[in-house]
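Student: Here it is: the structure, laid out below.
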Amino acid sequence: MFSSTNTLKGMVLKNLFCLMSLFVFHNVSAVTALPVTEVTSGIYVHFGNHELPDKVNHGAIANIGFIVGDSCVAVIDTGGNPEQGYSLKRAIELKTQKPVCYVINTHVHPDHIYGNIAFKQPGVKFIGHKNLPRAMAARGDYYIEKAADQLDIKLTSKHIILPDKTVKKHMTIDLGGRVLVLTAHPTAHTDNDLTVLDRKTNTLWMSDLLFIDHLPVIDGSLKGWLSELKRMEKNKYKLVIPGHGALVTDWPQSLQAEKNYLQILLSEIREMIKNGQFIEEAIKNVGYSEQHKWKLFDQFHKRNVTTAFAELEWED
Ligand SMILES: [Zn+2]
């Protein structure tokens, strides 16, 4: 009696689980839509919170979203976990009947690409920087391992979705009456940063080349990043969408905080190297005038100094 009740319970639970997984993983309409804001005609952004990726937010912290053309939709970054990807997909369905034709991954970081699986279907082309496949291949296994430990999400190699098309310098894609210009940048935030310019509204989706309030994180080249910013600040954009932080409507003014922080790292570290000081001293002394200007300073600043010191140590 006891065991048959348990068997029955087990069967009910098993069926319930099958039914739930059917809804969660295959029926997007059962998924809660991600909140998105239409920042200008046809451009929708989900603004993330300034948090470290952890087991509570499961890595869903970045700004992600989509652009709607007359014939189809381009997704720009897919989120920090598969579930967020499905929620973004649901948000798109609620805003437009048009199909997704492109998924643009702005760079390799997990908070931007872990939702890719939600969009993997015929007719959808994934696009990334020419260095993105290499970065995904190099980091994929490590990321999968870390996802379980740090984000409490289960990923396998099938979640690391490589681009179908890569961008060497520029690429234009047409969503129907709406041309997007994709630019592959030299090494800056990472070695695989891609930005998206919507010509129709002169909006630049800058992703992690721009951090607002959240301390900029260097995973590429301090010098490279600064020189890209100096080049880009001469351009005029009506709107700029950062990878973390609020929408920018006063370009290039809102860029200055990030530029200053990076510039301070550059000059103070160069000075220390010139004086024969070591990395440990740099970590203790460089950049602390910026401490109270940024969220997550304590979490990322020392790492930035370490990365930058290693880069600058060998310059002429
Ligand atoms: Zn990033």
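Chains: A, B, ... in order of the structure tokens. Residues: from 1 per chain. Ligands: from 1, in order shown.
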Please provide as a list of chain:residue names all residues within 12 Å of Met232 of chain A, with the sequence filter that same-chain residues fewer than 4 positions apart are discarded (counting only C-alpha atoms).
Tutor: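 These residues fall inside the cut-off: A:Thr183, A:His185, A:Thr195, A:Leu204, A:Met206, A:Leu209, A:Leu210, A:Trp225, A:Leu226, A:Ser227, A:Glu228, A:Lys236, A:Tyr237, A:Val240, A:Trp251, A:Pro252, A:Leu255, A:Gln256, A:Lys259.
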Student: Could you save the residues just selected, with N, CA, C and O atoms, as an mmCIF file, in the first residue's frame?
Tutor:
```cif
data_model
loop_
_atom_site.group_PDB
_atom_site.id
_atom_site.type_symbol
_atom_site.label_atom_id
_atom_site.label_comp_id
_atom_site.auth_asym_id
_atom_site.auth_seq_id
_atom_site.Cartn_x
_atom_site.Cartn_y
_atom_site.Cartn_z
ATOM 1 N N THR A 183 29.871 47.338 -36.050
ATOM 2 C CA THR A 183 31.300 47.643 -36.081
ATOM 3 C C THR A 183 32.060 46.728 -35.122
ATOM 4 O O THR A 183 31.706 46.629 -33.947
ATOM 5 N N HIS A 185 35.272 46.299 -33.091
ATOM 6 C CA HIS A 185 36.281 47.229 -32.563
ATOM 7 C C HIS A 185 37.614 46.531 -32.300
ATOM 8 O O HIS A 185 37.640 45.340 -32.012
ATOM 9 N N THR A 195 29.681 46.898 -31.783
ATOM 10 C CA THR A 195 28.622 47.865 -31.503
ATOM 11 C C THR A 195 27.654 47.912 -32.675
ATOM 12 O O THR A 195 27.980 47.480 -33.789
ATOM 13 N N LEU A 204 23.288 54.522 -30.974
ATOM 14 C CA LEU A 204 24.409 53.576 -30.917
ATOM 15 C C LEU A 204 24.228 52.631 -29.736
ATOM 16 O O LEU A 204 24.120 53.075 -28.594
ATOM 17 N N MET A 206 26.063 50.572 -27.625
ATOM 18 C CA MET A 206 27.505 50.521 -27.363
ATOM 19 C C MET A 206 27.890 49.333 -26.488
ATOM 20 O O MET A 206 29.063 48.983 -26.382
ATOM 21 N N LEU A 209 31.300 48.692 -24.119
ATOM 22 C CA LEU A 209 32.302 49.735 -24.322
ATOM 23 C C LEU A 209 31.937 50.936 -23.459
ATOM 24 O O LEU A 209 32.743 51.834 -23.254
ATOM 25 N N LEU A 210 30.702 50.948 -22.964
ATOM 26 C CA LEU A 210 30.281 52.040 -22.085
ATOM 27 C C LEU A 210 29.593 51.513 -20.823
ATOM 28 O O LEU A 210 28.610 50.783 -20.889
ATOM 29 N N TRP A 225 41.032 50.573 -25.217
ATOM 30 C CA TRP A 225 39.708 51.075 -24.857
ATOM 31 C C TRP A 225 39.688 52.607 -24.910
ATOM 32 O O TRP A 225 38.825 53.224 -25.510
ATOM 33 N N LEU A 226 40.718 53.193 -24.273
ATOM 34 C CA LEU A 226 40.798 54.668 -24.261
ATOM 35 C C LEU A 226 40.876 55.238 -25.672
ATOM 36 O O LEU A 226 40.203 56.229 -25.992
ATOM 37 N N SER A 227 41.651 54.605 -26.528
ATOM 38 C CA SER A 227 41.779 55.184 -27.866
ATOM 39 C C SER A 227 40.475 55.010 -28.653
ATOM 40 O O SER A 227 40.117 55.890 -29.445
ATOM 41 N N GLU A 228 39.743 53.935 -28.428
ATOM 42 C CA GLU A 228 38.426 53.796 -29.084
ATOM 43 C C GLU A 228 37.466 54.881 -28.595
ATOM 44 O O GLU A 228 36.718 55.477 -29.369
ATOM 45 N N LYS A 236 28.702 62.034 -33.484
ATOM 46 C CA LYS A 236 27.478 62.542 -32.866
ATOM 47 C C LYS A 236 26.438 61.427 -32.855
ATOM 48 O O LYS A 236 26.166 60.833 -33.900
ATOM 49 N N TYR A 237 25.901 61.157 -31.689
ATOM 50 C CA TYR A 237 24.819 60.173 -31.583
ATOM 51 C C TYR A 237 23.670 60.802 -30.819
ATOM 52 O O TYR A 237 23.883 61.531 -29.855
ATOM 53 N N VAL A 240 22.687 56.782 -26.872
ATOM 54 C CA VAL A 240 23.674 55.711 -26.734
ATOM 55 C C VAL A 240 23.200 54.761 -25.623
ATOM 56 O O VAL A 240 22.825 55.208 -24.535
ATOM 57 N N TRP A 251 25.362 62.490 -25.292
ATOM 58 C CA TRP A 251 26.680 62.116 -25.823
ATOM 59 C C TRP A 251 27.421 63.338 -26.356
ATOM 60 O O TRP A 251 26.804 64.159 -27.010
ATOM 61 N N PRO A 252 28.718 63.524 -26.071
ATOM 62 C CA PRO A 252 29.612 62.604 -25.356
ATOM 63 C C PRO A 252 29.782 62.912 -23.858
ATOM 64 O O PRO A 252 30.686 62.374 -23.230
ATOM 65 N N LEU A 255 29.985 60.099 -21.303
ATOM 66 C CA LEU A 255 31.130 59.219 -21.501
ATOM 67 C C LEU A 255 32.310 59.618 -20.623
ATOM 68 O O LEU A 255 33.187 58.800 -20.314
ATOM 69 N N GLN A 256 32.326 60.885 -20.183
ATOM 70 C CA GLN A 256 33.532 61.436 -19.557
ATOM 71 C C GLN A 256 33.940 60.709 -18.269
ATOM 72 O O GLN A 256 35.130 60.549 -18.004
ATOM 73 N N LYS A 259 35.834 57.642 -19.221
ATOM 74 C CA LYS A 259 37.106 58.045 -19.818
ATOM 75 C C LYS A 259 38.083 58.513 -18.731
ATOM 76 O O LYS A 259 39.252 58.134 -18.734
#
```
Student: Can you tell me which residues come within 7 Å of ligand 1 when counting only C-alpha atoms and all ligand atoms, ideally as a ChimeraX atom specification?
Tutor: /A:107,109,189,208
Student: Those same residues - C-alpha atoms - I'd like them written as a compact mmCIF listing (two decimals), in the first residue's frame.
Tutor:
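Once everything was written out, this is out.txt:
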```
# COMPACT_ATOMS: atom_id res chain seq x y z
CA HIS A 107 30.93 40.23 -26.80
CA HIS A 109 30.75 37.85 -21.45
CA HIS A 189 36.62 46.13 -23.05
CA ASP A 208 30.12 47.18 -22.58
```
Student: I need the strand (DSSP E) residues of segment 94-276 of chain A per DSSP on the backbone, written as an NGL selection string.
Tutor: :A and (100-104 or 125-129 or 165-167 or 170-174 or 179-184 or 194-198 or 203-211 or 239-244)
Student: Applying 6 Å and only C-alpha atoms, which residues near segment 79-90 of chain A remain after dropping the ones on its own chain fewer than 6 positions away? List them as a VMD selection string.
Tutor: chain A and resid 31 to 34 59 to 60 110 to 115 118
Student: Go ahead and write the residues just picked, N, CA and C atoms, as a JSON list (two decimals), in the first residue's frame.
Tutor:
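Output file out_14.json is given in full below:
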```json
[["chain", "number", "residue", "atom", "x", "y", "z"],
["A", 31, "VAL", "N", 5.96, 31.81, -20.47],
["A", 31, "VAL", "CA", 7.08, 32.48, -19.82],
["A", 31, "VAL", "C", 6.71, 33.94, -19.55],
["A", 32, "THR", "N", 7.15, 34.45, -18.40],
["A", 32, "THR", "CA", 6.90, 35.87, -18.11],
["A", 32, "THR", "C", 7.77, 36.74, -19.01],
["A", 33, "ALA", "N", 7.16, 37.76, -19.59],
["A", 33, "ALA", "CA", 7.91, 38.64, -20.48],
["A", 33, "ALA", "C", 8.86, 39.52, -19.67],
["A", 34, "LEU", "N", 10.04, 39.71, -20.20],
["A", 34, "LEU", "CA", 11.02, 40.61, -19.57],
["A", 34, "LEU", "C", 10.54, 42.05, -19.73],
["A", 59, "GLY", "N", 22.93, 35.72, -12.96],
["A", 59, "GLY", "CA", 23.70, 36.35, -14.04],
["A", 59, "GLY", "C", 22.93, 37.33, -14.90],
["A", 60, "ALA", "N", 21.65, 37.55, -14.59],
["A", 60, "ALA", "CA", 20.84, 38.46, -15.41],
["A", 60, "ALA", "C", 21.02, 39.90, -14.92],
["A", 110, "PRO", "N", 29.37, 36.32, -20.17],
["A", 110, "PRO", "CA", 28.20, 35.48, -19.91],
["A", 110, "PRO", "C", 26.89, 36.25, -19.73],
["A", 111, "ASP", "N", 26.96, 37.45, -19.13],
["A", 111, "ASP", "CA", 25.71, 38.20, -18.89],
["A", 111, "ASP", "C", 25.08, 38.69, -20.20],
["A", 112, "HIS", "N", 25.80, 38.53, -21.31],
["A", 112, "HIS", "CA", 25.29, 38.98, -22.61],
["A", 112, "HIS", "C", 24.91, 37.84, -23.55],
["A", 113, "ILE", "N", 25.42, 36.64, -23.30],
["A", 113, "ILE", "CA", 25.24, 35.57, -24.31],
["A", 113, "ILE", "C", 24.55, 34.31, -23.81],
["A", 114, "TYR", "N", 24.29, 34.21, -22.50],
["A", 114, "TYR", "CA", 23.76, 32.94, -21.98],
["A", 114, "TYR", "C", 22.28, 32.69, -22.32],
["A", 115, "GLY", "N", 21.63, 33.69, -22.88],
["A", 115, "GLY", "CA", 20.24, 33.46, -23.30],
["A", 115, "GLY", "C", 20.14, 33.03, -24.76],
["A", 118, "ALA", "N", 17.60, 30.43, -26.45],
["A", 118, "ALA", "CA", 16.18, 30.74, -26.63],
["A", 118, "ALA", "C", 15.86, 31.13, -28.08]]
```
Student: At a cut-off of 6 Å, using only C-alpha atoms, what residues contact segment 66-68 of chain A? Leave out same-chain residues fewer than 5 positions from it and give the result as a list of chain:residue names.
Tutor: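 Result of the neighbour search: A:Gly42, A:Ile43, A:Tyr44, A:Val73, A:Ala74, A:Val75, A:Ile76.
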Student: Enter the distance from atom CA of His170 of chain A to atom CA of Leu215 of chain A, in Å, rounded to one decimal.
Tutor: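 A separation of 28.2 Å between them.
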Student: Could you build a table of the residues in segment 138-227 of chain A lying no more than 9 Å from segment 286-305 of chain A, giving for each the nearest pair of atoms and their separation in Å rounded to one decimal place, using only C-alpha atoms, ordered by chain and ascending residue number, as a Markdown table?
Tutor:
```
| residue | atom | partner | partner_atom | distance |
| --- | --- | --- | --- | --- |
| A:Ile212 | CA | A:Trp294 | CA | 8.6 |
| A:Asp213 | CA | A:Trp294 | CA | 5.3 |
| A:His214 | CA | A:Lys295 | CA | 4.8 |
| A:Leu215 | CA | A:Trp294 | CA | 5.3 |
| A:Pro216 | CA | A:Phe300 | CA | 8.1 |
| A:Val217 | CA | A:Asn304 | CA | 6.4 |
| A:Ile218 | CA | A:Asn304 | CA | 5.6 |
| A:Asp219 | CA | A:Asn304 | CA | 8.0 |
| A:Leu222 | CA | A:Asn304 | CA | 8.8 |
```
Student: So how many Å separate atom CA of Asp70 of chain A and atom CA of Asn235 of chain A, to one decimal?
Tutor: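 Straight-line distance from atom CA of Asp70 of chain A to atom CA of Asn235 of chain A works out to 27.1 Å.
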Student: So which one's closest to Lys169 of chain A, A:Asn131, A:Thr203, A:Asn260, A:Thr190? Using only C-alpha atoms, please.
Tutor: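 Looking only at the distances to Lys169 of chain A, the closest residue turns out to be A:Asn131.
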Student: Distance atom CA of Phe211 of chain A-atom CA of Glu258 of chain A, one decimal place?
Tutor: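 Taking atom CA of Phe211 of chain A as the start and atom CA of Glu258 of chain A as the end point, the length is 6.8 Å.
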Student: Hey, what's within 8 Å of Gly69 of chain A if we count only C-alpha atoms and toss same-chain stuff fewer than 4 positions away? As a VMD selection string, please?
Tutor: chain A and resid 42 73 174 to 178
Student: Rank nothing, just name the residue among A:Asn285, A:Glu280, A:Asn63, A:Thr249 nearest to Ile264 of chain A, using only C-alpha atoms.
Tutor: A:Asn285
Student: Select, from A:Trp205, A:Tyr261, A:Trp314, A:Phe309, the residue with the minimum atom-to-atom distance to Ile283 of chain A, counting only C-alpha atoms.
Tutor: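 For Ile283 of chain A, the nearest of the candidates is A:Phe309.
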